[in-house]
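S.K.: Have a look at this one.
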Number of protein chains: 2
Amino acid sequence: MTIESFLLKSEGEWKSMRSGHSLAFQQFEEVISQIKITILKLTDSKVSALLSSIPLQTGIPTTPFRMAWNAESDWEPDDPNQVSSGECILIPIKQSENNGLLIRSIGYAESEQAISKYKLLNDDTFTLSTEYGQSVAEERIWFISPNVRCRSSVLKTISGNGILQTSFSSEVRKLDLNG
Amino acid sequence: MTIESFLLKSEGEWKSMRSGHSLAFQQFEEVISQIKITILKLTDSKVSALLSSIPLQTGIPTTPFRMAWNAESDWEPDDPNQVSSGECILIPIKQSENNGLLIRSIGYAESEQAISKYKLLNDDTFTLSTEYGQSVAEERIWFISPNVRCRSSVLKTISGNGILQTSFSSEVRKLDLNG
């Protein structure tokens with residue numbers, strides 16, 4: 001699996017069930033959301049704008065994509081069906097066959113740009129590590145069938161000892177039966 | 001990581017938060033449970049009884065252990081705090097440095113013996129595959145710190161195309177602060 005083939009397999013519309021675990025308080029969160037992944041051209045003006053907004057990175061930009069989502073969360077006691085949505089542009093910068101960087105734009109639900117490190121493991125799991133201030137988010141995404149992906153994430157302190165929360169999503173491709 | 005070191009790291013008492021996703025119905029399940037893992041001796045009479053109850057397997061038995069749990073599930077509408085518990089004996093049979101079989105006894109919450117295949121991936125993830133009639137359960141367990149394990153599972157049809165359900169657990173070691 002290459003980063004390009006992983007993303008081509010990921011393109012489309014997904015229905016996601018996400019469970020969050022807040023470990024210190026033993027609280028569960030449940031979110032159902034829609035995710036849409038669209039591969040963009042490297043010549044897309046939003047892609048070139050994002051690339052020129054960051055310091056020059058070693059590596060080759062490849063397979064940029066847009067991710068859009070909207071979620072219904074159970075976590076807002078005042079409004080149990082609050083819908084949150086957002087979208088952002090992501091650009092992998094390949095540094096070797098199985099690792100590189102992933103640049104993420106500010107979106108209308110993202111407060112800041114992020115530069116993550118990605119790696120493709122030899123069982124085709126895609127891993128992503130992103131630093132946010134004093135914490136690090138580690139994500140894993142893997143296919144369990146062509147139409148089902150799993151995604152787990154861990155948020156920990158930068159020292160690695162404090163695990164703040166974990167989450168797990170099951171993503172099922174929405175098949176358009178009307179062609 | 002070897003199977004022996006993975007199990008030694010796993011010994012102890014854990015508090016588990018488990019989320020189940022039923023994909024067809026988009027239903028969530030949440031379970032909090034206690035898990036206790038105890039390494040046994042190969043000479044333990046229950047271990048030898050289990051080994052002699054199964055057909056002879058190629059490989060070397062190593063690091064047998066007992067797993068006991070009790071769970072509070074949210075899935076019984078008549079009794080939201082129903083507690084279920086059980087225990088079983090498990091024996092890895094090593095066939096190479098990173099793979100082999102895992103034999104599981106009938107326990108008082110298990111209706112049948114099972115023989116699973118295990119593998120240790122090169123990022124230290126432990127994977128387990130178990131066939132039950134027309135379905136296969138695939139599990140992954142990995143440490144995200146010495147005191148936190150994650151466990152994901154997928155239940156699919158034997159043909160591999162039908163994904164029936166997924167689950168994810170965050171397991172936090174219970175530290176005995178009184179020594």
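Ordered as shown in the structure tokens, chains take letters A, B, and onward, while each chain numbers its residues from 1 and ligands are numbered from 1 in the order shown.
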Please check the contacts: residues of chain A at most 7 Å away from chain B, using only C-alpha atoms, listed as a ChimeraX atom specification.

M.R.: /A:19,145,161,168

S.K.: Based on the selection just made, write C-alpha atoms of those residues as a PDB file, in the first residue's frame.

M.R.:
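New file again_14.pdb:
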```pdb
ATOM      1  CA  SER A  19     -16.835   6.430  20.564  1.00  0.00           C
ATOM      2  CA  SER A 145     -12.907  -4.460   4.103  1.00  0.00           C
ATOM      3  CA  ASN A 161       2.973   9.118  30.368  1.00  0.00           C
ATOM      4  CA  PHE A 168     -12.499   4.701  18.030  1.00  0.00           C
TER       5      PHE A 168
END
```

S.K.: For the structure I just gave you, how does DSSP split chain A - specifically, which residues are alpha helix (DSSP H)? Reply as a list in words.

M.R.: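 Residues meeting the alpha helix (DSSP H) criterion: Ile3, Glu4, Ser5, Phe6, Leu7, Leu8, Lys9, Ser10, Ser45, Lys46, Val47, Ser48, Ala49, Leu50, Leu51, Ser52 and Ser53 of chain A.
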
S.K.: Residues near Ser48 (chain A), anyone? I mean within 12 Å using only C-alpha atoms, not counting same-chain ones fewer than 4 positions away, as a compact mmCIF listing (two decimals) with N, CA and C atoms, in the first residue's frame.

M.R.:
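Everything below was put into selection_11.txt:
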```
# COMPACT_ATOMS: atom_id res chain seq x y z
N LEU A 40 -8.13 16.02 -4.55
CA LEU A 40 -7.99 17.26 -5.32
C LEU A 40 -6.77 17.17 -6.23
N LYS A 41 -6.69 18.12 -7.16
CA LYS A 41 -5.49 18.20 -8.01
C LYS A 41 -4.43 19.04 -7.31
N LEU A 42 -3.16 18.73 -7.59
CA LEU A 42 -2.08 19.54 -7.02
C LEU A 42 -2.13 20.97 -7.53
N THR A 43 -2.78 21.15 -8.68
CA THR A 43 -2.89 22.49 -9.27
C THR A 43 -4.07 23.28 -8.71
N ASP A 44 -4.90 22.65 -7.87
CA ASP A 44 -6.03 23.36 -7.26
C ASP A 44 -5.50 24.59 -6.51
N SER A 52 1.97 27.21 -0.06
CA SER A 52 2.84 28.39 0.01
C SER A 52 2.71 29.10 1.36
N SER A 53 1.74 28.67 2.19
CA SER A 53 1.57 29.32 3.51
C SER A 53 2.45 28.70 4.59
N ILE A 54 3.09 27.55 4.28
CA ILE A 54 3.91 26.88 5.31
C ILE A 54 5.38 26.96 4.94
N PRO A 61 4.93 16.76 -2.51
CA PRO A 61 3.48 16.82 -2.28
C PRO A 61 2.77 15.83 -3.19
N THR A 62 1.78 15.12 -2.67
CA THR A 62 1.05 14.13 -3.46
C THR A 62 -0.38 14.00 -2.96
N PRO A 64 -3.42 15.51 -2.71
CA PRO A 64 -4.13 16.36 -1.74
C PRO A 64 -5.61 15.99 -1.71
N ILE A 89 -8.50 21.12 4.12
CA ILE A 89 -7.72 20.59 3.01
C ILE A 89 -6.49 19.92 3.62
N LEU A 90 -6.14 18.74 3.12
CA LEU A 90 -4.97 18.03 3.63
C LEU A 90 -4.03 17.70 2.47
N ILE A 91 -2.73 17.85 2.70
CA ILE A 91 -1.74 17.54 1.66
C ILE A 91 -0.63 16.66 2.24
N ILE A 103 -0.02 17.93 5.88
CA ILE A 103 -0.31 19.34 6.18
C ILE A 103 -1.82 19.51 6.21
N SER A 105 -5.01 22.32 6.61
CA SER A 105 -5.37 23.75 6.59
C SER A 105 -6.22 24.12 7.79
```

S.K.: Grab the CA of Lys94 (chain A) to CA of Leu120 (chain A) distance for me, in Å with one decimal place.

M.R.: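 That distance, rounded to one decimal, is 11.1 Å.
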
S.K.: I'd like the interatomic distance between CA of Glu13 (chain B) and CA of Ile141 (chain B), to a tenth of an Å.

M.R.: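 So the answer is 15.9 Å.
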
S.K.: Under the rule that only C-alpha atoms are counted, which of A:Glu131, A:Ser96, A:Ala137, A:Ser159 is the nearest residue to Lys119 (chain A)?

M.R.: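 Nearest candidate to Lys119 (chain A) out of A:Glu131, A:Ser96, A:Ala137, A:Ser159: A:Ser96.
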
S.K.: What's the 12 Å shell around Tyr132 (chain A), counting only C-alpha atoms, without same-chain residues fewer than 2 positions away, as a list in words?

M.R.: Ser111, Glu112, Gln113, Ala114, Ile115, Ser116, Ser129, Thr130, Gln134, Ser135, Val136, Ala137, Glu138, Leu155, Lys156, Thr157 and Ile158 of chain A

S.K.: Would you mind exporting N, CA and C atoms of the selected residues as a PDB file, in the first residue's frame?

M.R.:
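The new file out-v7.pdb reads:
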```pdb
ATOM      1  N   SER A 111      -9.079  25.550  14.398  1.00  0.00           N
ATOM      2  CA  SER A 111      -8.567  26.853  14.794  1.00  0.00           C
ATOM      3  C   SER A 111      -7.148  27.082  14.294  1.00  0.00           C
ATOM      4  N   GLU A 112      -6.424  26.002  13.967  1.00  0.00           N
ATOM      5  CA  GLU A 112      -5.069  26.237  13.493  1.00  0.00           C
ATOM      6  C   GLU A 112      -4.622  25.186  12.473  1.00  0.00           C
ATOM      7  N   GLN A 113      -3.656  25.600  11.684  1.00  0.00           N
ATOM      8  CA  GLN A 113      -2.976  24.687  10.775  1.00  0.00           C
ATOM      9  C   GLN A 113      -2.237  23.616  11.572  1.00  0.00           C
ATOM     10  N   ALA A 114      -2.055  22.446  10.973  1.00  0.00           N
ATOM     11  CA  ALA A 114      -1.266  21.428  11.669  1.00  0.00           C
ATOM     12  C   ALA A 114      -0.348  20.730  10.673  1.00  0.00           C
ATOM     13  N   ILE A 115       0.833  20.352  11.147  1.00  0.00           N
ATOM     14  CA  ILE A 115       1.736  19.534  10.345  1.00  0.00           C
ATOM     15  C   ILE A 115       1.950  18.235  11.123  1.00  0.00           C
ATOM     16  N   SER A 116       1.425  17.135  10.588  1.00  0.00           N
ATOM     17  CA  SER A 116       1.533  15.834  11.254  1.00  0.00           C
ATOM     18  C   SER A 116       2.591  14.998  10.561  1.00  0.00           C
ATOM     19  N   SER A 129       0.768  11.253  13.612  1.00  0.00           N
ATOM     20  CA  SER A 129       1.134  11.799  14.919  1.00  0.00           C
ATOM     21  C   SER A 129       1.177  13.324  14.809  1.00  0.00           C
ATOM     22  N   THR A 130       0.441  13.996  15.681  1.00  0.00           N
ATOM     23  CA  THR A 130       0.317  15.454  15.599  1.00  0.00           C
ATOM     24  C   THR A 130       0.552  16.071  16.968  1.00  0.00           C
ATOM     25  N   GLN A 134       1.187  21.031  24.539  1.00  0.00           N
ATOM     26  CA  GLN A 134       1.784  20.044  25.437  1.00  0.00           C
ATOM     27  C   GLN A 134       1.249  18.630  25.222  1.00  0.00           C
ATOM     28  N   SER A 135       0.433  18.425  24.179  1.00  0.00           N
ATOM     29  CA  SER A 135      -0.105  17.079  23.971  1.00  0.00           C
ATOM     30  C   SER A 135       0.163  16.579  22.547  1.00  0.00           C
ATOM     31  N   VAL A 136       0.058  15.279  22.379  1.00  0.00           N
ATOM     32  CA  VAL A 136       0.293  14.624  21.081  1.00  0.00           C
ATOM     33  C   VAL A 136      -0.917  13.750  20.766  1.00  0.00           C
ATOM     34  N   ALA A 137      -1.433  13.860  19.555  1.00  0.00           N
ATOM     35  CA  ALA A 137      -2.513  12.966  19.121  1.00  0.00           C
ATOM     36  C   ALA A 137      -1.920  11.909  18.206  1.00  0.00           C
ATOM     37  N   GLU A 138      -2.180  10.641  18.502  1.00  0.00           N
ATOM     38  CA  GLU A 138      -1.718   9.552  17.645  1.00  0.00           C
ATOM     39  C   GLU A 138      -2.935   8.832  17.093  1.00  0.00           C
ATOM     40  N   LEU A 155      -4.963  10.648  22.714  1.00  0.00           N
ATOM     41  CA  LEU A 155      -4.415  11.966  23.009  1.00  0.00           C
ATOM     42  C   LEU A 155      -3.594  11.824  24.282  1.00  0.00           C
ATOM     43  N   LYS A 156      -2.273  12.093  24.193  1.00  0.00           N
ATOM     44  CA  LYS A 156      -1.457  11.959  25.404  1.00  0.00           C
ATOM     45  C   LYS A 156      -0.583  13.178  25.622  1.00  0.00           C
ATOM     46  N   THR A 157      -0.065  13.306  26.840  1.00  0.00           N
ATOM     47  CA  THR A 157       0.852  14.404  27.115  1.00  0.00           C
ATOM     48  C   THR A 157       2.151  14.153  26.352  1.00  0.00           C
ATOM     49  N   ILE A 158       2.886  15.224  26.094  1.00  0.00           N
ATOM     50  CA  ILE A 158       4.058  15.115  25.246  1.00  0.00           C
ATOM     51  C   ILE A 158       5.110  14.182  25.861  1.00  0.00           C
TER      52      ILE A 158
END
```

S.K.: Counting only C-alpha atoms, figure out which residue out of B:Pro55, B:Ser33, B:Ser10, B:Ile3 gets nearest to Gly100 (chain B).

M.R.: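 That would be B:Ile3, the residue with the smallest distance to Gly100 (chain B).
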
S.K.: So the first atom is CA of Gly133 (chain A) and the second is CA of Leu50 (chain A); what is the distance between them in Å, to one decimal place?

M.R.: 21.5 Å

S.K.: Write down as an MDAnalysis selection string the residues belonging to chain B that are assigned strand (DSSP E) by DSSP computed on the backbone.

M.R.: chainID B and resid 12:22 27:39 60:61 65:73 83:96 99:104 114:120 126:132 135:145 148:157 163:173
